[in-house]
$ cat query.cif   # mmCIF, C-alpha atoms and all ligand atoms
data_my_file
loop_
_atom_site.group_PDB
_atom_site.id
_atom_site.type_symbol
_atom_site.label_atom_id
_atom_site.label_comp_id
_atom_site.auth_asym_id
_atom_site.auth_seq_id
_atom_site.Cartn_x
_atom_site.Cartn_y
_atom_site.Cartn_z
ATOM 1 C CA MET L 1 -14.862 -45.109 -93.263
ATOM 2 C CA THR L 2 -17.682 -47.528 -93.777
ATOM 3 C CA ASN L 3 -16.810 -50.980 -95.103
ATOM 4 C CA LYS L 4 -18.293 -50.974 -98.617
ATOM 5 C CA VAL L 5 -18.637 -54.769 -98.815
ATOM 6 C CA LEU L 6 -20.664 -54.885 -95.600
ATOM 7 C CA ALA L 7 -22.752 -51.825 -96.519
ATOM 8 C CA GLU L 8 -23.650 -53.573 -99.787
ATOM 9 C CA THR L 9 -24.550 -56.739 -97.884
ATOM 10 C CA VAL L 10 -26.961 -54.779 -95.672
ATOM 11 C CA ILE L 11 -28.477 -53.090 -98.732
ATOM 12 C CA ARG L 12 -28.951 -56.515 -100.340
ATOM 13 C CA VAL L 13 -30.841 -57.712 -97.252
ATOM 14 C CA LEU L 14 -32.957 -54.544 -97.147
ATOM 15 C CA SER L 15 -33.876 -54.878 -100.810
ATOM 16 C CA ASP L 16 -34.757 -58.560 -100.454
ATOM 17 C CA PRO L 17 -38.461 -59.039 -101.321
ATOM 18 C CA ALA L 18 -38.883 -60.751 -97.936
ATOM 19 C CA ILE L 19 -38.180 -57.443 -96.210
ATOM 20 C CA THR L 20 -41.136 -55.824 -97.975
ATOM 21 C CA ARG L 21 -43.302 -58.414 -96.181
ATOM 22 C CA VAL L 22 -42.275 -57.122 -92.783
ATOM 23 C CA ASN L 23 -45.277 -54.957 -91.962
ATOM 24 C CA PHE L 24 -46.416 -54.816 -88.379
ATOM 25 C CA GLN L 25 -46.859 -52.651 -85.371
ATOM 26 C CA LEU L 26 -46.084 -53.721 -81.854
ATOM 27 C CA TYR L 27 -46.036 -51.610 -78.676
ATOM 28 C CA GLY L 28 -47.203 -48.656 -80.764
ATOM 29 C CA ARG L 29 -44.185 -48.669 -83.065
ATOM 30 C CA PHE L 30 -44.270 -49.459 -86.765
ATOM 31 C CA VAL L 31 -41.835 -51.712 -88.587
ATOM 32 C CA THR L 32 -42.555 -51.699 -92.311
ATOM 33 C CA GLY L 33 -40.936 -52.701 -95.564
ATOM 34 C CA ASN L 34 -41.128 -49.113 -96.787
ATOM 35 C CA ARG L 35 -39.226 -47.941 -93.743
ATOM 36 C CA TYR L 36 -36.440 -50.456 -94.374
ATOM 37 C CA LEU L 37 -36.255 -49.369 -98.015
ATOM 38 C CA SER L 38 -35.951 -45.734 -96.981
ATOM 39 C CA MET L 39 -32.957 -46.695 -94.819
ATOM 40 C CA MET L 40 -30.858 -47.935 -97.748
ATOM 41 C CA SER L 41 -29.268 -44.564 -98.501
ATOM 42 C CA LEU L 42 -28.074 -44.262 -94.891
ATOM 43 C CA TYR L 43 -25.911 -47.333 -95.525
ATOM 44 C CA SER L 44 -24.807 -46.450 -99.061
ATOM 45 C CA MET L 45 -23.818 -42.927 -97.990
ATOM 46 C CA GLY L 46 -22.089 -44.073 -94.823
ATOM 47 C CA PHE L 47 -24.426 -42.363 -92.348
ATOM 48 C CA ILE L 48 -24.592 -45.792 -90.781
ATOM 49 C CA ASP L 49 -21.018 -46.948 -90.492
ATOM 50 C CA CYS L 50 -20.442 -50.669 -91.189
ATOM 51 C CA VAL L 51 -17.328 -52.070 -89.544
ATOM 52 C CA VAL L 52 -15.586 -55.405 -88.935
ATOM 53 C CA GLY L 53 -15.292 -56.362 -85.275
ATOM 54 C CA VAL L 54 -17.976 -56.676 -82.599
ATOM 55 C CA PRO L 55 -17.324 -55.087 -79.205
ATOM 56 C CA PRO L 56 -17.965 -57.299 -76.172
ATOM 57 C CA ASN L 57 -21.041 -56.634 -74.048
ATOM 58 C CA PRO L 58 -19.993 -56.231 -70.411
ATOM 59 C CA ASP L 59 -23.521 -57.193 -69.313
ATOM 60 C CA LEU L 60 -23.347 -60.651 -70.868
ATOM 61 C CA PRO L 61 -21.219 -63.547 -69.598
ATOM 62 C CA PRO L 62 -17.630 -63.522 -70.894
ATOM 63 C CA GLY L 63 -17.272 -65.514 -74.075
ATOM 64 C CA THR L 64 -20.830 -64.784 -75.242
ATOM 65 C CA ALA L 65 -20.286 -64.427 -78.964
ATOM 66 C CA ARG L 66 -22.138 -61.615 -80.644
ATOM 67 C CA GLU L 67 -22.059 -61.713 -84.384
ATOM 68 C CA CYS L 68 -23.665 -58.498 -85.415
ATOM 69 C CA LEU L 69 -24.591 -55.390 -83.464
ATOM 70 C CA TYR L 70 -26.024 -51.920 -84.050
ATOM 71 C CA VAL L 71 -24.717 -49.225 -81.723
ATOM 72 C CA PRO L 72 -27.059 -46.207 -81.864
ATOM 73 C CA GLU L 73 -24.639 -43.934 -80.040
ATOM 74 C CA HIS L 74 -22.262 -44.087 -83.017
ATOM 75 C CA HIS L 75 -24.721 -44.988 -85.794
ATOM 76 C CA ARG L 76 -22.511 -47.988 -86.372
ATOM 77 C CA MET L 77 -23.176 -51.589 -87.320
ATOM 78 C CA HIS L 78 -20.571 -54.131 -86.265
ATOM 79 C CA PHE L 79 -20.004 -57.490 -87.967
ATOM 80 C CA GLN L 80 -17.897 -60.535 -87.153
ATOM 81 C CA ASN L 81 -16.101 -60.410 -90.499
ATOM 82 C CA GLU L 82 -16.299 -58.852 -93.946
ATOM 83 C CA GLN L 83 -18.094 -61.893 -95.432
ATOM 84 C CA TYR L 84 -20.834 -61.692 -92.808
ATOM 85 C CA GLY L 85 -24.300 -62.148 -94.321
ATOM 86 C CA SER L 86 -23.009 -62.855 -97.825
ATOM 87 C CA THR L 87 -24.324 -66.437 -97.891
ATOM 88 C CA SER L 88 -25.590 -67.610 -94.491
ATOM 89 C CA HIS L 89 -29.348 -67.392 -94.015
ATOM 90 C CA ILE L 90 -29.159 -66.966 -90.279
ATOM 91 C CA GLU L 91 -26.581 -64.197 -90.731
ATOM 92 C CA LYS L 92 -28.875 -62.389 -93.176
ATOM 93 C CA SER L 93 -31.709 -62.610 -90.689
ATOM 94 C CA ASN L 94 -29.400 -61.303 -87.952
ATOM 95 C CA ILE L 95 -28.740 -58.301 -90.185
ATOM 96 C CA ALA L 96 -32.514 -57.797 -90.503
ATOM 97 C CA HIS L 97 -32.663 -57.791 -86.689
ATOM 98 C CA GLU L 98 -29.938 -55.165 -86.287
ATOM 99 C CA ALA L 99 -31.360 -53.116 -89.163
ATOM 100 C CA THR L 100 -34.577 -52.935 -87.126
ATOM 101 C CA HIS L 101 -32.712 -51.223 -84.280
ATOM 102 C CA ALA L 102 -31.284 -48.788 -86.849
ATOM 103 C CA LEU L 103 -34.826 -48.246 -88.179
ATOM 104 C CA PHE L 104 -35.962 -47.321 -84.667
ATOM 105 C CA ASP L 105 -33.063 -44.904 -84.433
ATOM 106 C CA SER L 106 -34.103 -43.273 -87.705
ATOM 107 C CA PHE L 107 -37.879 -43.160 -87.167
ATOM 108 C CA TYR L 108 -38.195 -42.759 -83.398
ATOM 109 C CA GLY L 109 -34.866 -41.257 -82.372
ATOM 110 C CA ALA L 110 -34.736 -37.573 -81.477
ATOM 111 C CA THR L 111 -32.273 -35.011 -80.238
ATOM 112 C CA GLY L 112 -31.889 -35.508 -76.501
ATOM 113 C CA GLY L 113 -32.637 -39.209 -76.862
ATOM 114 C CA THR L 114 -35.797 -41.250 -77.231
ATOM 115 C CA HIS L 115 -35.979 -43.946 -74.556
ATOM 116 C CA ILE L 116 -37.483 -47.294 -75.496
ATOM 117 C CA LEU L 117 -37.767 -50.148 -73.021
ATOM 118 C CA ALA L 118 -34.989 -52.532 -74.111
ATOM 119 C CA ILE L 119 -37.236 -55.582 -73.685
ATOM 120 C CA GLU L 120 -39.736 -54.104 -76.163
ATOM 121 C CA ASP L 121 -36.950 -52.940 -78.467
ATOM 122 C CA GLU L 122 -35.496 -56.468 -78.585
ATOM 123 C CA ALA L 123 -38.842 -58.281 -78.833
ATOM 124 C CA THR L 124 -39.723 -56.120 -81.847
ATOM 125 C CA ALA L 125 -36.355 -56.717 -83.528
ATOM 126 C CA TRP L 126 -36.722 -60.491 -83.016
ATOM 127 C CA LEU L 127 -40.210 -60.409 -84.508
ATOM 128 C CA ALA L 128 -38.936 -58.527 -87.565
ATOM 129 C CA GLN L 129 -36.121 -61.052 -87.904
ATOM 130 C CA ALA L 130 -38.599 -63.921 -87.693
ATOM 131 C CA VAL L 131 -40.952 -62.419 -90.303
ATOM 132 C CA TYR L 132 -37.991 -61.959 -92.629
ATOM 133 C CA PHE L 133 -36.824 -65.499 -91.931
ATOM 134 C CA HIS L 134 -40.289 -66.918 -92.540
ATOM 135 C CA ARG L 135 -41.054 -64.857 -95.658
ATOM 136 C CA ALA L 136 -37.658 -65.475 -97.251
ATOM 137 C CA GLY L 137 -38.302 -69.212 -96.853
ATOM 138 C CA LEU L 138 -34.917 -69.472 -95.212
ATOM 139 C CA LEU L 139 -33.715 -72.791 -93.973
ATOM 140 C CA GLY L 140 -32.232 -72.926 -90.536
ATOM 141 C CA GLY L 141 -32.624 -74.233 -87.105
ATOM 142 C CA PRO L 142 -33.734 -76.144 -85.233
ATOM 143 C CA PHE L 143 -33.820 -73.233 -82.853
ATOM 144 C CA ILE L 144 -33.456 -73.637 -79.145
ATOM 145 C CA ASP L 145 -36.978 -73.976 -77.756
ATOM 146 C CA GLY L 146 -37.870 -70.938 -75.693
ATOM 147 C CA SER L 147 -35.222 -68.756 -77.354
ATOM 148 C CA ALA L 148 -36.329 -65.360 -78.623
ATOM 149 C CA LEU L 149 -36.060 -66.427 -82.273
ATOM 150 C CA ALA L 150 -38.026 -69.640 -81.677
ATOM 151 C CA GLU L 151 -40.782 -67.708 -79.866
ATOM 152 C CA ALA L 152 -40.797 -65.016 -82.553
ATOM 153 C CA LEU L 153 -41.230 -67.671 -85.260
ATOM 154 C CA LYS L 154 -44.079 -69.258 -83.294
ATOM 155 C CA LEU L 155 -45.748 -65.851 -83.136
ATOM 156 C CA VAL L 156 -45.340 -65.356 -86.896
ATOM 157 C CA TYR L 157 -46.984 -68.739 -87.566
ATOM 158 C CA LYS L 158 -49.795 -67.944 -85.154
ATOM 159 C CA LEU L 159 -50.480 -64.544 -86.727
ATOM 160 C CA ALA L 160 -50.236 -65.945 -90.260
ATOM 161 C CA ASP L 161 -52.829 -68.576 -89.317
ATOM 162 C CA GLY L 162 -55.135 -65.887 -87.979
ATOM 163 C CA SER L 163 -54.939 -63.342 -90.777
ATOM 164 C CA GLY L 164 -53.997 -65.791 -93.491
ATOM 165 C CA ALA L 165 -51.531 -63.330 -94.913
ATOM 166 C CA PHE L 166 -49.409 -61.849 -92.193
ATOM 167 C CA GLY L 167 -47.572 -58.960 -93.776
ATOM 168 C CA SER L 168 -47.761 -60.412 -97.245
ATOM 169 C CA ASP L 169 -50.562 -58.269 -98.621
ATOM 170 C CA GLY L 170 -49.053 -54.919 -97.704
ATOM 171 C CA ARG L 171 -51.409 -54.474 -94.769
ATOM 172 C CA ILE L 172 -49.852 -53.598 -91.458
ATOM 173 C CA CYS L 173 -50.519 -56.338 -88.945
ATOM 174 C CA THR L 174 -51.232 -55.073 -85.446
ATOM 175 C CA VAL L 175 -49.614 -57.453 -82.981
ATOM 176 C CA SER L 176 -51.219 -57.402 -79.560
ATOM 177 C CA PRO L 177 -48.937 -57.247 -76.518
ATOM 178 C CA ALA L 178 -50.803 -60.283 -75.153
ATOM 179 C CA ASP L 179 -49.873 -62.345 -78.223
ATOM 180 C CA ALA L 180 -46.304 -61.100 -77.932
ATOM 181 C CA MET L 181 -45.956 -62.022 -74.243
ATOM 182 C CA PRO L 182 -44.036 -65.328 -74.723
ATOM 183 C CA LEU L 183 -41.686 -63.549 -77.155
ATOM 184 C CA ARG L 184 -41.260 -60.670 -74.721
ATOM 185 C CA GLN L 185 -40.322 -63.079 -71.918
ATOM 186 C CA ALA L 186 -37.887 -64.988 -74.145
ATOM 187 C CA ALA L 187 -36.251 -61.730 -75.302
ATOM 188 C CA ALA L 188 -35.889 -60.624 -71.674
ATOM 189 C CA ALA L 189 -34.216 -63.931 -70.796
ATOM 190 C CA ASP L 190 -31.923 -63.984 -73.842
ATOM 191 C CA HIS L 191 -30.753 -60.419 -73.261
ATOM 192 C CA LYS L 192 -30.557 -60.786 -69.467
ATOM 193 C CA LEU L 193 -33.188 -58.059 -69.114
ATOM 194 C CA VAL L 194 -34.566 -59.510 -65.920
ATOM 195 C CA GLY L 195 -34.618 -58.482 -62.281
ATOM 196 C CA GLY L 196 -32.975 -55.084 -61.831
ATOM 197 C CA ARG L 197 -32.147 -55.015 -65.546
ATOM 198 C CA ALA L 198 -35.783 -55.263 -66.652
ATOM 199 C CA THR L 199 -36.112 -51.485 -66.775
ATOM 200 C CA ILE L 200 -33.060 -50.886 -68.983
ATOM 201 C CA GLU L 201 -33.846 -48.616 -71.920
ATOM 202 C CA SER L 202 -32.421 -48.235 -75.402
ATOM 203 C CA VAL L 203 -31.639 -44.639 -76.252
ATOM 204 C CA TYR L 204 -32.006 -43.420 -79.819
ATOM 205 C CA ASN L 205 -30.786 -39.984 -80.840
ATOM 206 C CA GLY L 206 -31.860 -40.135 -84.462
ATOM 207 C CA PHE L 207 -29.925 -38.910 -87.490
HETATM 208 ZN ZN ZN W 301 -31.331 -56.668 -80.776
#
$ encode --input "query.cif" --output "structure tokens"
Amino acid sequence: MTNKVLAETVIRVLSDPAITRVNFQLYGRFVTGNRYLSMMSLYSMGFIDCVVGVPPNPDLPPGTARECLYVPEHHRMHFQNEQYGSTSHIEKSNIAHEATHALFDSFYGATGGTHILAIEDEATAWLAQAVYFHRAGLLGGPFIDGSALAEALKLVYKLADGSGAFGSDGRICTVSPADAMPLRQAAAADHKLVGGRATIESVYNGF
């Protein structure tokens, strides 16, 4: 049974005007406000299960706290507690990040499993989180220099300077892989997707 309080929190984030400003494509995949909006019913109807409790990641050092996590295998979003994302800006933006993984599952997943390079999956989710963070005018930070979120925010500022209206005029901003390279490297470091783990893939089976 999905946790109704958490499902409503996700829906509130997805219906935030800042989410409608998230309009970009990176690595050939589209992340758009309309796509987030179309995901709302999956949460309200429980097709994406929202639960309290985040499972540990065996690939990360013990004690690494994860606050929020989407597990495509079970179409389930995990949260630290039932109040998660109700007030905290950074928590809301973390929900936007995880909702981006769910969006990939919905729009790119397929029976038999669609494989997406985890580094690209994460870099894209961090960029979506940063656009949301920037557009919502959220206050937070300072962020650790070189972290995925810090690099994603730098990229948002750079793109906004270039186009003058990154994502805000409904146009889909095409982000070049070259521009995204520092973000990609930071995401790889943050998620320990380096060395032999650089080729790890996310698998999305769709709904
Ligand atoms: Zn992620």
$ residues_near_ligand --input "query.cif" --ligand "ligand ZN 301 (chain W)" --cutoff "8 Å" --atoms "only C-alpha atoms and all ligand atoms" --output "list in words"
Leu69, Tyr70, His97, Glu98, His101, Asp121, Glu122, Ala123, Ala125 and Trp126 of chain L
$ resolve_selection --input "query.cif" --expression "the PyMOL selection byres (((chain L and resi 30) around 12) and not hetatm)" --output "ChimeraX atom specification"
/L:22-29,31-36,100-101,103-104,106-108,121,124-125,127-128,171-175
$ residues_around --input "query.cif" --residues "L:Leu153" --least-positions-apart "5" --cutoff "8 Å" --atoms "all atoms listed in the file" --output "PyMOL selection string"
chain L and resi 127+130-131+134
$ residues_around --input "query.cif" --residues "L:Asn81" --least-positions-apart "5" --cutoff "9 Å" --atoms "only C-alpha atoms" --output "list in words"
Leu6, Val51, Val52, Gly53, Val54 and Glu67 of chain L
$ atom_distance --input "query.cif" --atom1 "atom CA of L:Tyr84" --atom2 "atom CA of L:Glu151"
24.5 Å
$ residues_around --input "query.cif" --residues "L:Ala148" --least-positions-apart "4" --cutoff "6 Å" --atoms "all atoms listed in the file" --output "list in words"
Ala152, Leu183, Ala186 and Ala187 of chain L
$ atom_distance --input "query.cif" --atom1 "atom CA of L:Leu117" --atom2 "atom CA of L:Lys154"
22.6 Å
$ resolve_selection --input "query.cif" --expression "the PyMOL selection byres (((chain L and resi 192-199) around 8) and not hetatm)" --output "list in words"
Asp59, Leu60, Leu117, Ala118, Ile119, Ala187, Ala188, Ala189, Asp190, His191, Ile200 and Glu201 of chain L
$ residues_around --input "query.cif" --residues "stretch 45-49 of chain L" --least-positions-apart "5" --cutoff "6 Å" --atoms "all atoms listed in the file" --output "short mmCIF file (atom, residue, chain, number, x, y, z; two decimals) with C-alpha atoms, keeping the file's coordinate frame"
data_model
loop_
_atom_site.label_atom_id
_atom_site.label_comp_id
_atom_site.auth_asym_id
_atom_site.auth_seq_id
_atom_site.Cartn_x
_atom_site.Cartn_y
_atom_site.Cartn_z
CA THR L 2 -17.68 -47.53 -93.78
CA HIS L 75 -24.72 -44.99 -85.79
CA ARG L 76 -22.51 -47.99 -86.37
#
$ atom_distance --input "query.cif" --atom1 "atom CA of L:Val5" --atom2 "atom CA of L:Ser86"
9.2 Å
$ closest_residue --input "query.cif" --among "L:Glu8, L:Glu82, L:Asp16, L:Glu73" --to "L:Ser202" --atoms "all atoms listed in the file"
L:Glu73
$ closest_residue --input "query.cif" --among "L:Ala160, L:Ala136, L:Ala178, L:Ile11" --to "L:Ile95" --atoms "all atoms listed in the file"
L:Ile11
$ closest_residue --input "query.cif" --among "L:Lys158, L:Arg135, L:His115, L:Arg184" --to "L:Pro17" --atoms "only C-alpha atoms"
L:Arg135
